[in-house]
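Asks: So I've got this file, work14.pdb, and it contains PDB, C-alpha atoms, pLDDT in the B column:
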ATOM      1  CA  MET A1190       2.539  -0.676 -19.179  1.00 91.00           C
ATOM      2  CA  PHE A1191       3.959   2.727 -18.523  1.00 94.00           C
ATOM      3  CA  SER A1192       3.936   4.896 -21.644  1.00 94.00           C
ATOM      4  CA  ASP A1193       6.911   5.797 -23.809  1.00 95.00           C
ATOM      5  CA  ARG A1194       6.470   9.358 -22.560  1.00 95.00           C
ATOM      6  CA  PHE A1195       6.952   8.100 -19.012  1.00 97.00           C
ATOM      7  CA  VAL A1196      10.034   6.032 -19.879  1.00 97.00           C
ATOM      8  CA  ASN A1197      11.568   8.889 -21.883  1.00 97.00           C
ATOM      9  CA  ALA A1198      11.146  11.226 -18.920  1.00 97.00           C
ATOM     10  CA  LEU A1199      13.094   8.775 -16.761  1.00 98.00           C
ATOM     11  CA  LYS A1200      15.813   8.450 -19.406  1.00 98.00           C
ATOM     12  CA  ALA A1201      16.065  12.255 -19.600  1.00 97.00           C
ATOM     13  CA  THR A1202      17.351  12.262 -16.011  1.00 97.00           C
ATOM     14  CA  GLY A1203      20.651  10.953 -17.396  1.00 96.00           C
ATOM     15  CA  PHE A1204      20.599   7.772 -15.319  1.00 97.00           C
ATOM     16  CA  PRO A1205      20.712   4.407 -17.110  1.00 98.00           C
ATOM     17  CA  VAL A1206      17.171   3.013 -17.070  1.00 98.00           C
ATOM     18  CA  ALA A1207      16.013  -0.607 -17.083  1.00 97.00           C
ATOM     19  CA  HIS A1208      12.564  -2.161 -17.179  1.00 97.00           C
ATOM     20  CA  PHE A1209      12.074  -4.677 -14.326  1.00 95.00           C
ATOM     21  CA  GLY A1210      15.817  -5.181 -13.889  1.00 94.00           C
ATOM     22  CA  TRP A1211      19.251  -5.390 -15.408  1.00 93.00           C
ATOM     23  CA  GLU A1212      20.899  -8.404 -16.905  1.00 91.00           C
ATOM     24  CA  LYS A1213      23.859  -9.206 -14.701  1.00 87.00           C
ATOM     25  CA  GLU A1214      26.493  -8.391 -17.333  1.00 91.00           C
ATOM     26  CA  ARG A1215      24.825  -5.058 -18.153  1.00 92.00           C
ATOM     27  CA  LEU A1216      24.382  -3.831 -14.606  1.00 92.00           C
ATOM     28  CA  PRO A1217      25.811  -0.281 -14.445  1.00 95.00           C
ATOM     29  CA  ALA A1218      28.704   0.286 -12.080  1.00 94.00           C
ATOM     30  CA  GLY A1219      27.266   3.621 -10.976  1.00 95.00           C
ATOM     31  CA  ASP A1220      23.813   5.002 -10.288  1.00 97.00           C
ATOM     32  CA  TYR A1221      20.821   3.630 -12.162  1.00 98.00           C
ATOM     33  CA  ILE A1222      17.041   3.428 -12.349  1.00 98.00           C
ATOM     34  CA  VAL A1223      14.745   0.423 -12.538  1.00 98.00           C
ATOM     35  CA  PHE A1224      11.038   0.830 -13.185  1.00 97.00           C
ATOM     36  CA  ALA A1225       8.360  -1.859 -13.067  1.00 96.00           C
ATOM     37  CA  GLU A1226       4.618  -2.192 -13.396  1.00 94.00           C
ATOM     38  CA  ASP A1227       2.843  -4.226 -10.737  1.00 91.00           C
ATOM     39  CA  GLY A1228      -0.827  -3.592 -11.232  1.00 84.00           C
ATOM     40  CA  ALA A1229      -3.626  -1.463 -12.536  1.00 79.00           C
ATOM     41  CA  ASN A1230      -6.124   0.912 -11.034  1.00 75.00           C
ATOM     42  CA  ASP A1231      -8.499   1.242 -13.962  1.00 72.00           C
ATOM     43  CA  PHE A1232     -11.631   3.325 -13.560  1.00 73.00           C
ATOM     44  CA  MET A1233     -14.941   1.646 -14.289  1.00 73.00           C
ATOM     45  CA  THR A1234     -18.216   3.495 -14.694  1.00 76.00           C
ATOM     46  CA  GLY A1235     -21.612   2.513 -16.072  1.00 77.00           C
ATOM     47  CA  ASN A1236     -20.516  -1.134 -16.269  1.00 78.00           C
ATOM     48  CA  ARG A1237     -17.774  -0.280 -18.701  1.00 78.00           C
ATOM     49  CA  HIS A1238     -14.086   0.382 -18.690  1.00 75.00           C
ATOM     50  CA  ALA A1239     -13.646   4.155 -18.685  1.00 68.00           C
ATOM     51  CA  GLU A1240     -10.033   4.940 -17.943  1.00 74.00           C
ATOM     52  CA  ARG A1241      -6.800   3.008 -17.925  1.00 80.00           C
ATOM     53  CA  ALA A1242      -4.334   3.428 -15.106  1.00 88.00           C
ATOM     54  CA  THR A1243      -1.017   1.692 -14.600  1.00 93.00           C
ATOM     55  CA  GLU A1244       0.630   1.348 -11.204  1.00 94.00           C
ATOM     56  CA  GLY A1245       4.150   0.426 -10.341  1.00 96.00           C
ATOM     57  CA  THR A1246       7.414   1.611  -8.929  1.00 97.00           C
ATOM     58  CA  VAL A1247      10.477   3.577  -9.905  1.00 98.00           C
ATOM     59  CA  ASP A1248      13.683   2.686  -8.057  1.00 98.00           C
ATOM     60  CA  LEU A1249      16.863   4.722  -8.022  1.00 98.00           C
ATOM     61  CA  PHE A1250      20.063   3.118  -6.762  1.00 97.00           C
ATOM     62  CA  THR A1251      22.652   5.795  -6.056  1.00 97.00           C
ATOM     63  CA  ARG A1252      25.914   6.217  -4.204  1.00 96.00           C
ATOM     64  CA  ASN A1253      25.638   9.994  -4.537  1.00 91.00           C
ATOM     65  CA  TYR A1254      23.269  10.564  -1.677  1.00 82.00           C
ATOM     66  CA  ALA A1255      24.880  13.866  -0.723  1.00 80.00           C
ATOM     67  CA  GLN A1256      24.404  15.223  -4.253  1.00 83.00           C
ATOM     68  CA  ASN A1257      20.652  14.754  -3.946  1.00 89.00           C
ATOM     69  CA  ALA A1258      20.563  12.334  -6.845  1.00 91.00           C
ATOM     70  CA  ALA A1259      16.861  11.754  -6.305  1.00 95.00           C
ATOM     71  CA  GLU A1260      15.922  15.283  -7.294  1.00 96.00           C
ATOM     72  CA  PRO A1261      16.042  14.820 -11.108  1.00 96.00           C
ATOM     73  CA  VAL A1262      13.858  11.726 -10.794  1.00 97.00           C
ATOM     74  CA  GLU A1263      11.252  13.587  -8.771  1.00 97.00           C
ATOM     75  CA  GLN A1264      11.404  16.509 -11.208  1.00 97.00           C
ATOM     76  CA  ALA A1265      10.840  14.108 -14.106  1.00 97.00           C
ATOM     77  CA  LEU A1266       7.810  12.561 -12.403  1.00 97.00           C
ATOM     78  CA  GLU A1267       6.484  15.957 -11.386  1.00 96.00           C
ATOM     79  CA  GLY A1268       6.678  17.183 -14.956  1.00 94.00           C
ATOM     80  CA  LEU A1269       4.460  14.414 -16.309  1.00 95.00           C
ATOM     81  CA  THR A1270       0.748  15.175 -16.508  1.00 93.00           C
ATOM     82  CA  GLY A1271      -1.456  12.257 -15.497  1.00 93.00           C
ATOM     83  CA  VAL A1272       1.194  10.817 -13.207  1.00 96.00           C
ATOM     84  CA  ALA A1273       0.766  10.576  -9.455  1.00 96.00           C
ATOM     85  CA  TRP A1274       3.718   9.549  -7.333  1.00 97.00           C
ATOM     86  CA  SER A1275       4.935   9.319  -3.774  1.00 96.00           C
ATOM     87  CA  LEU A1276       8.284   8.460  -2.249  1.00 97.00           C
ATOM     88  CA  ASN A1277       7.682   5.113  -0.561  1.00 95.00           C
ATOM     89  CA  SER A1278      11.022   4.378   1.054  1.00 94.00           C
ATOM     90  CA  ILE A1279      14.713   5.226   1.264  1.00 95.00           C
ATOM     91  CA  GLN A1280      16.961   2.364   2.273  1.00 94.00           C
ATOM     92  CA  TYR A1281      20.720   2.085   2.664  1.00 95.00           C
ATOM     93  CA  GLU A1282      22.435  -1.106   1.563  1.00 96.00           C
ATOM     94  CA  GLU A1283      25.488  -1.603   3.731  1.00 94.00           C
ATOM     95  CA  ASP A1284      27.046  -4.260   1.517  1.00 94.00           C
ATOM     96  CA  THR A1285      26.850  -2.305  -1.770  1.00 95.00           C
ATOM     97  CA  ARG A1286      26.769   1.240  -0.291  1.00 96.00           C
ATOM     98  CA  TYR A1287      23.813   2.046  -2.511  1.00 97.00           C
ATOM     99  CA  VAL A1288      21.032   4.281  -1.280  1.00 97.00           C
ATOM    100  CA  HIS A1289      17.811   2.866  -2.673  1.00 97.00           C
ATOM    101  CA  TYR A1290      14.936   5.259  -3.326  1.00 97.00           C
ATOM    102  CA  GLU A1291      11.577   3.753  -4.186  1.00 98.00           C
ATOM    103  CA  TRP A1292       8.676   5.751  -5.589  1.00 98.00           C
ATOM    104  CA  VAL A1293       5.184   4.319  -6.022  1.00 97.00           C
ATOM    105  CA  VAL A1294       3.795   5.664  -9.264  1.00 97.00           C
ATOM    106  CA  GLY A1295       0.442   5.689 -11.038  1.00 95.00           C
ATOM    107  CA  GLU A1296       0.014   6.785 -14.640  1.00 95.00           C
ATOM    108  CA  TYR A1297      -3.533   7.642 -15.606  1.00 90.00           C
ATOM    109  CA  GLY A1298      -5.394   8.353 -18.779  1.00 76.00           C
ATOM    110  CA  GLU A1299      -4.063   8.584 -22.301  1.00 56.00           C
ATOM    111  CA  GLY A1300      -0.447   8.417 -21.256  1.00 48.00           C
ATOM    112  CA  SER A1301      -0.973   4.828 -20.194  1.00 44.00           C
ATOM    113  CA  ALA A1302      -0.935   2.922 -23.460  1.00 41.00           C
ATOM    114  CA  VAL A1303      -0.671  -0.834 -23.250  1.00 40.00           C
TER     115      VAL A1303
ATOM    116  CA  MET B 884     -34.611  -7.376  14.116  1.00 41.00           C
ATOM    117  CA  ALA B 885     -34.808  -3.904  12.650  1.00 40.00           C
ATOM    118  CA  LYS B 886     -33.749  -3.511   9.034  1.00 45.00           C
ATOM    119  CA  GLY B 887     -31.473  -0.508   8.685  1.00 48.00           C
ATOM    120  CA  LEU B 888     -31.563   2.529  10.915  1.00 47.00           C
ATOM    121  CA  GLN B 889     -35.073   3.498  11.856  1.00 43.00           C
ATOM    122  CA  PHE B 890     -35.916   6.866  13.301  1.00 41.00           C
ATOM    123  CA  GLU B 891     -39.262   8.012  14.566  1.00 44.00           C
ATOM    124  CA  GLY B 892     -39.547  11.760  14.724  1.00 44.00           C
ATOM    125  CA  LEU B 893     -36.827  14.322  15.328  1.00 42.00           C
ATOM    126  CA  SER B 894     -36.755  13.882  19.081  1.00 54.00           C
ATOM    127  CA  ALA B 895     -36.077  10.183  18.734  1.00 52.00           C
ATOM    128  CA  PHE B 896     -33.437  10.925  16.106  1.00 45.00           C
ATOM    129  CA  ALA B 897     -31.732  13.410  18.389  1.00 50.00           C
ATOM    130  CA  GLU B 898     -31.819  10.957  21.245  1.00 57.00           C
ATOM    131  CA  GLN B 899     -30.256   8.255  19.111  1.00 54.00           C
ATOM    132  CA  LEU B 900     -27.518  10.587  17.908  1.00 51.00           C
ATOM    133  CA  LYS B 901     -26.851  11.589  21.464  1.00 57.00           C
ATOM    134  CA  ARG B 902     -26.433   7.958  22.377  1.00 64.00           C
ATOM    135  CA  LEU B 903     -24.010   7.506  19.506  1.00 65.00           C
ATOM    136  CA  GLY B 904     -22.227  10.724  20.423  1.00 67.00           C
ATOM    137  CA  ASP B 905     -21.382   9.422  23.873  1.00 72.00           C
ATOM    138  CA  LYS B 906     -17.715   8.442  23.817  1.00 74.00           C
ATOM    139  CA  SER B 907     -18.141   4.991  25.265  1.00 79.00           C
ATOM    140  CA  THR B 908     -20.854   4.287  22.723  1.00 77.00           C
ATOM    141  CA  VAL B 909     -18.729   5.532  19.852  1.00 75.00           C
ATOM    142  CA  ASP B 910     -15.869   3.354  21.087  1.00 81.00           C
ATOM    143  CA  ALA B 911     -18.204   0.384  21.264  1.00 84.00           C
ATOM    144  CA  VAL B 912     -19.002   0.937  17.589  1.00 83.00           C
ATOM    145  CA  MET B 913     -15.578   1.857  16.327  1.00 84.00           C
ATOM    146  CA  LYS B 914     -13.389  -0.811  17.914  1.00 87.00           C
ATOM    147  CA  PRO B 915     -15.172  -3.899  16.572  1.00 91.00           C
ATOM    148  CA  THR B 916     -15.680  -2.146  13.245  1.00 90.00           C
ATOM    149  CA  LEU B 917     -11.980  -1.443  12.953  1.00 90.00           C
ATOM    150  CA  TYR B 918     -11.091  -5.011  13.888  1.00 92.00           C
ATOM    151  CA  GLU B 919     -13.443  -6.295  11.216  1.00 94.00           C
ATOM    152  CA  GLY B 920     -11.609  -4.363   8.500  1.00 93.00           C
ATOM    153  CA  ALA B 921      -8.154  -4.990   9.921  1.00 94.00           C
ATOM    154  CA  GLY B 922      -8.835  -8.721   9.999  1.00 95.00           C
ATOM    155  CA  ILE B 923      -9.615  -8.715   6.293  1.00 96.00           C
ATOM    156  CA  TYR B 924      -6.414  -6.825   5.530  1.00 95.00           C
ATOM    157  CA  ALA B 925      -4.453  -9.261   7.721  1.00 96.00           C
ATOM    158  CA  ASP B 926      -5.916 -12.288   5.953  1.00 97.00           C
ATOM    159  CA  ALA B 927      -5.118 -10.771   2.556  1.00 97.00           C
ATOM    160  CA  LEU B 928      -1.557 -10.014   3.590  1.00 96.00           C
ATOM    161  CA  ARG B 929      -1.082 -13.498   5.022  1.00 96.00           C
ATOM    162  CA  LYS B 930      -2.334 -15.076   1.795  1.00 96.00           C
ATOM    163  CA  ALA B 931      -0.005 -12.895  -0.293  1.00 96.00           C
ATOM    164  CA  ALA B 932       2.954 -13.655   1.971  1.00 95.00           C
ATOM    165  CA  GLU B 933       2.400 -17.385   1.527  1.00 94.00           C
ATOM    166  CA  ALA B 934       3.772 -16.994  -1.999  1.00 92.00           C
ATOM    167  CA  HIS B 935       7.141 -16.135  -0.453  1.00 89.00           C
ATOM    168  CA  VAL B 936       7.571 -18.875   2.103  1.00 85.00           C
ATOM    169  CA  ASP B 937      11.114 -19.845   3.056  1.00 79.00           C
ATOM    170  CA  THR B 938      10.932 -20.862   6.689  1.00 79.00           C
ATOM    171  CA  GLY B 939       7.274 -19.871   7.103  1.00 84.00           C
ATOM    172  CA  ASP B 940       8.232 -17.583   9.965  1.00 91.00           C
ATOM    173  CA  MET B 941       7.406 -14.401   8.034  1.00 94.00           C
ATOM    174  CA  VAL B 942       3.836 -15.509   7.380  1.00 94.00           C
ATOM    175  CA  ASP B 943       3.396 -16.496  11.012  1.00 94.00           C
ATOM    176  CA  SER B 944       4.764 -13.145  12.150  1.00 95.00           C
ATOM    177  CA  ILE B 945       1.942 -11.108  10.618  1.00 95.00           C
ATOM    178  CA  THR B 946       0.180  -9.465  13.517  1.00 94.00           C
ATOM    179  CA  LEU B 947      -2.255  -6.716  14.314  1.00 92.00           C
ATOM    180  CA  SER B 948      -1.148  -4.388  17.066  1.00 90.00           C
ATOM    181  CA  GLN B 949      -3.330  -3.746  20.051  1.00 89.00           C
ATOM    182  CA  MET B 950      -5.883  -1.095  19.233  1.00 87.00           C
ATOM    183  CA  LYS B 951      -4.876   2.364  20.388  1.00 87.00           C
ATOM    184  CA  GLU B 952      -6.655   5.642  20.640  1.00 83.00           C
ATOM    185  CA  GLY B 953      -5.114   8.741  19.180  1.00 80.00           C
ATOM    186  CA  ASP B 954      -6.969  10.999  16.814  1.00 72.00           C
ATOM    187  CA  GLY B 955      -9.594   8.239  16.594  1.00 74.00           C
ATOM    188  CA  TRP B 956      -9.004   4.528  17.029  1.00 82.00           C
ATOM    189  CA  TYR B 957      -6.256   2.805  15.084  1.00 86.00           C
ATOM    190  CA  THR B 958      -4.338  -0.429  14.825  1.00 89.00           C
ATOM    191  CA  SER B 959      -1.379  -1.412  12.695  1.00 91.00           C
ATOM    192  CA  LEU B 960      -0.610  -4.495  10.682  1.00 93.00           C
ATOM    193  CA  GLY B 961       2.960  -5.698  10.388  1.00 93.00           C
ATOM    194  CA  PHE B 962       5.637  -8.361  10.563  1.00 95.00           C
ATOM    195  CA  ALA B 963       6.845  -8.966  14.100  1.00 95.00           C
ATOM    196  CA  GLY B 964       9.983 -10.558  15.500  1.00 95.00           C
ATOM    197  CA  TYR B 965      12.716 -12.604  13.853  1.00 95.00           C
ATOM    198  CA  ASP B 966      12.746 -15.771  11.794  1.00 92.00           C
ATOM    199  CA  SER B 967      14.545 -18.952  12.814  1.00 91.00           C
ATOM    200  CA  LYS B 968      17.687 -17.699  11.019  1.00 90.00           C
ATOM    201  CA  GLY B 969      17.748 -14.523  13.101  1.00 92.00           C
ATOM    202  CA  VAL B 970      16.542 -12.201  10.332  1.00 92.00           C
ATOM    203  CA  ALA B 971      13.937  -9.594  11.250  1.00 95.00           C
ATOM    204  CA  ASN B 972      10.694 -10.534   9.538  1.00 95.00           C
ATOM    205  CA  ALA B 973       9.962  -6.872   8.774  1.00 95.00           C
ATOM    206  CA  ILE B 974      13.313  -6.518   6.970  1.00 94.00           C
ATOM    207  CA  LYS B 975      12.685  -9.712   5.046  1.00 94.00           C
ATOM    208  CA  ALA B 976       9.266  -8.473   3.963  1.00 95.00           C
ATOM    209  CA  ALA B 977      10.696  -5.101   2.920  1.00 95.00           C
ATOM    210  CA  VAL B 978      13.424  -6.751   0.832  1.00 95.00           C
ATOM    211  CA  ILE B 979      10.891  -8.952  -0.957  1.00 95.00           C
ATOM    212  CA  GLU B 980       8.523  -6.011  -1.469  1.00 96.00           C
ATOM    213  CA  SER B 981      11.031  -3.379  -2.623  1.00 96.00           C
ATOM    214  CA  GLY B 982      13.998  -5.444  -3.812  1.00 96.00           C
ATOM    215  CA  THR B 983      17.635  -4.385  -3.520  1.00 96.00           C
ATOM    216  CA  SER B 984      20.431  -3.685  -5.984  1.00 95.00           C
ATOM    217  CA  THR B 985      21.177  -7.406  -5.949  1.00 92.00           C
ATOM    218  CA  ARG B 986      17.692  -8.851  -5.652  1.00 92.00           C
ATOM    219  CA  PRO B 987      14.601  -8.166  -7.803  1.00 92.00           C
ATOM    220  CA  LYS B 988      11.479  -6.873  -6.132  1.00 94.00           C
ATOM    221  CA  HIS B 989       8.313  -8.917  -5.735  1.00 94.00           C
ATOM    222  CA  PRO B 990       5.669  -6.514  -4.468  1.00 94.00           C
ATOM    223  CA  PHE B 991       3.109  -8.416  -2.416  1.00 95.00           C
ATOM    224  CA  ILE B 992       2.146  -6.081   0.433  1.00 95.00           C
ATOM    225  CA  ARG B 993       0.844  -3.061  -1.457  1.00 93.00           C
ATOM    226  CA  PRO B 994      -1.060  -5.081  -4.107  1.00 92.00           C
ATOM    227  CA  ALA B 995      -2.616  -7.325  -1.431  1.00 95.00           C
ATOM    228  CA  LEU B 996      -3.788  -4.425   0.706  1.00 93.00           C
ATOM    229  CA  LYS B 997      -5.091  -2.565  -2.310  1.00 92.00           C
ATOM    230  CA  ALA B 998      -7.046  -5.616  -3.497  1.00 93.00           C
ATOM    231  CA  ALA B 999      -8.542  -6.090  -0.026  1.00 94.00           C
ATOM    232  CA  LYS B1000      -9.633  -2.482   0.383  1.00 93.00           C
ATOM    233  CA  GLU B1001     -13.089  -2.809  -1.143  1.00 93.00           C
ATOM    234  CA  ASN B1002     -13.941  -5.937   0.890  1.00 95.00           C
ATOM    235  CA  ALA B1003     -12.602  -4.404   4.071  1.00 94.00           C
ATOM    236  CA  GLU B1004     -14.623  -1.237   3.632  1.00 91.00           C
ATOM    237  CA  ALA B1005     -17.794  -3.185   2.874  1.00 93.00           C
ATOM    238  CA  ALA B1006     -17.276  -5.446   5.888  1.00 93.00           C
ATOM    239  CA  MET B1007     -16.637  -2.474   8.158  1.00 91.00           C
ATOM    240  CA  SER B1008     -19.736  -0.743   6.916  1.00 89.00           C
ATOM    241  CA  ALA B1009     -21.835  -3.877   7.516  1.00 92.00           C
ATOM    242  CA  LYS B1010     -20.333  -4.369  10.980  1.00 91.00           C
ATOM    243  CA  MET B1011     -21.025  -0.795  11.962  1.00 86.00           C
ATOM    244  CA  GLN B1012     -24.596  -1.060  10.729  1.00 88.00           C
ATOM    245  CA  GLU B1013     -25.072  -4.279  12.703  1.00 92.00           C
ATOM    246  CA  ILE B1014     -23.737  -2.784  15.932  1.00 88.00           C
ATOM    247  CA  ILE B1015     -25.778   0.398  15.634  1.00 84.00           C
ATOM    248  CA  GLU B1016     -28.919  -1.575  14.872  1.00 87.00           C
ATOM    249  CA  ASN B1017     -28.332  -3.719  17.958  1.00 89.00           C
ATOM    250  CA  MET B1018     -27.871  -0.586  20.041  1.00 82.00           C
ATOM    251  CA  MET B1019     -31.071   0.906  18.729  1.00 78.00           C
ATOM    252  CA  GLU B1020     -32.997  -2.208  19.705  1.00 79.00           C
ATOM    253  CA  VAL B1021     -31.932  -2.020  23.350  1.00 64.00           C
TER     254      VAL B1021
END
What's the structure tokens form of this structure?

Replies:
Amino acid sequence: MFSDRFVNALKATGFPVAHFGWEKERLPAGDYIVFAEDGANDFMTGNRHAERATEGTVDLFTRNYAQNAAEPVEQALEGLTGVAWSLNSIQYEEDTRYVHYEWVVGEYGEGSAV
Amino acid sequence: MAKGLQFEGLSAFAEQLKRLGDKSTVDAVMKPTLYEGAGIYADALRKAAEAHVDTGDMVDSITLSQMKEGDGWYTSLGFAGYDSKGVANAIKAAVIESGTSTRPKHPFIRPALKAAKENAEAAMSAKMQEIIENMMEV
């Protein structure tokens, strides 16, 4: 799992944050973040487990594309030591008018406490 | 059959490198090697996509592009065409992989390719070794 430090950094952006998804009745009307783990990239050496690494995604759904809503999310990720990230895609949803940013994220080392 | 690369003296080594340095020879090594690895990635992606079968068209649409030469040889793996409902298979795959504001994500492409990486690299290395050994025997 991503660490509390990681989740708190996302929450500090000011966007509502959910893990894996929102319950339908709690889905924010405005912009929001969803993060999810989808795998590990642990480091093995000398036939033993040496380092834990969690991989997953952070998704921002925003209707404020012109206000560069993605910037605080990238700043939050950038400010976390032991976190590697890359913007994977930006997609526009015609039916909801959301712009969907997806970052692929890896959290390595002590920050990644399961 | 020779086991591994065998060189006899520097002049023979230089001659063998020269043979490998010739573009047509390099191409003859690189193209089958690349296909070997790409095939493993394609199989892994197909297997992962089978967990998301609706019409089955998306799985069937997984294709490797024709090999092209740019800065080295390359090919690409993707979802081609449209399903029987008229939806682009690539869009369908992207929606499953990344989700939308109304649909949860189910990543299957990135995890499948990542899991296949080690096998693909090993297979490519073995294929390259095999081709070079065969060349050296001629």

Asks: When the PyMOL selection byres ((chain A) within 8 of (chain B)) is applied to the structure above, which residues does it catch, written out as a list of chain:residue names?

Replies: A:Phe1209, A:Gly1210, A:Asp1227, A:Gly1228, A:Phe1250, A:Glu1282, A:Thr1285, A:Tyr1287, A:His1289, A:Glu1291

Asks: I need the residue set behind the PyMOL selection byres ((chain A and resi 1271) around 12) for this file; please write it as a PyMOL selection string.

Replies: chain A and resi 1191-1192+1194-1195+1240-1244+1266-1270+1272-1274+1294-1301

Asks: Could you spell out the hits of the PyMOL selection byres ((chain B and resi 933-936) around 12) on the shown file, as a list of chain:residue names?

Replies: B:Asp926, B:Ala927, B:Leu928, B:Arg929, B:Lys930, B:Ala931, B:Ala932, B:Asp937, B:Thr938, B:Gly939, B:Asp940, B:Met941, B:Val942, B:Asp943, B:Ser944, B:Ile945, B:Asp966, B:Asn972, B:Lys975, B:Ala976, B:Val978, B:Ile979, B:Glu980, B:Lys988, B:His989, B:Pro990, B:Phe991, B:Ile992, B:Ala995

Asks: What is the distance, in Å and to one decimal place, between atom CA of B:Met1018 and atom CA of B:Ala911?

Replies: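 Calculated distance between atom CA of B:Met1018 and atom CA of B:Ala911 is 9.8 Å.
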
Asks: Using all atoms of stretch 1221-1240 of chain A listed in the file and a margin of 6 Å per side, can you give the axis-aligned box centre and edge lengths in Å to one decimal, as lines of an AutoDock Vina configuration file?

Replies:
center_x = -0.4
center_y = 0.4
center_z = -14.7
size_x = 54.4
size_y = 21.2
size_z = 20.0

Asks: Considering all atoms listed in the file, state which residue in the set A:Arg1286, A:Phe1224, A:Gly1203, A:Asp1231 is at the smallest distance from A:Ala1258.

Replies: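 Result for the nearest residue to A:Ala1258: A:Gly1203.
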
Asks: Report as a list in words all protein, DNA and RNA residues lying within 9 Å of B:Ile1014, evaluated on all atoms listed in the file, omitting residues in the same chain fewer than 4 positions from it.

Replies: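 The contact residues come out as Ala911, Val912, Pro915, Thr916, Ala1009, Lys1010, Met1018 and Met1019 of chain B.
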
Asks: Which residues are close to A:Asn1277, i.e. within 9 Å by only C-alpha atoms, leaving aside same-chain residues fewer than 4 positions away? Reply as number ranges by chain.

Replies: A: 1290-1293

Asks: Take the residues that were just selected and, keeping C-alpha atoms, output them as a compact mmCIF listing (two decimals), keeping the file's coordinate frame.

Replies:
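Below you can see selection.txt, which holds the result:
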# COMPACT_ATOMS: atom_id res chain seq x y z
CA TYR A 1290 14.94 5.26 -3.33
CA GLU A 1291 11.58 3.75 -4.19
CA TRP A 1292 8.68 5.75 -5.59
CA VAL A 1293 5.18 4.32 -6.02

Asks: Pick out the closest residue to B:Ala1006 from this set: B:Asp905, B:Glu952, B:Glu919, B:Asp910. Count all atoms listed in the file.

Replies: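 The answer is B:Glu919, which sits nearest to B:Ala1006.
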
Asks: Using Å and a single decimal, report how far atom CA of B:Leu960 sits from atom CA of B:Ala1003.

Replies: 13.7 Å

Asks: Can you measure atom CA of B:Met950 to atom CA of B:Ala971 for me? One decimal in Å is fine.

Replies: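 Spanning atom CA of B:Met950 to atom CA of B:Ala971 is a straight-line distance of 23.0 Å.
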
Asks: A:Val1206, A:Ala1198, A:Asp1284, A:Met1190: which is nearest A:Ala1229, counting all atoms listed in the file?

Replies: A:Met1190

Asks: For A:Ala1259, which residue among A:Tyr1281, A:Trp1211, A:Phe1204, A:Phe1232 is the nearest when counting all atoms listed in the file?

Replies: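 When distances to A:Ala1259 are compared using all atoms listed in the file, the smallest one comes from A:Phe1204.
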
Asks: Determine, counting all atoms listed in the file, which protein, DNA and RNA residues have an atom within 12 Å of an atom of A:Pro1205; residues of the same chain fewer than 4 positions away are not included. Present the result as a ChimeraX atom specification.

Replies: /A:1196-1201,1210-1211,1215-1224,1248-1251,1262

Asks: Leaving out B:Lys914 and any residue of its chain fewer than 6 positions from it, which residues lie within 10 Å of it when counting only C-alpha atoms, given as a VMD selection string?

Replies: chain B and resid 950 to 952 955 to 958 1011
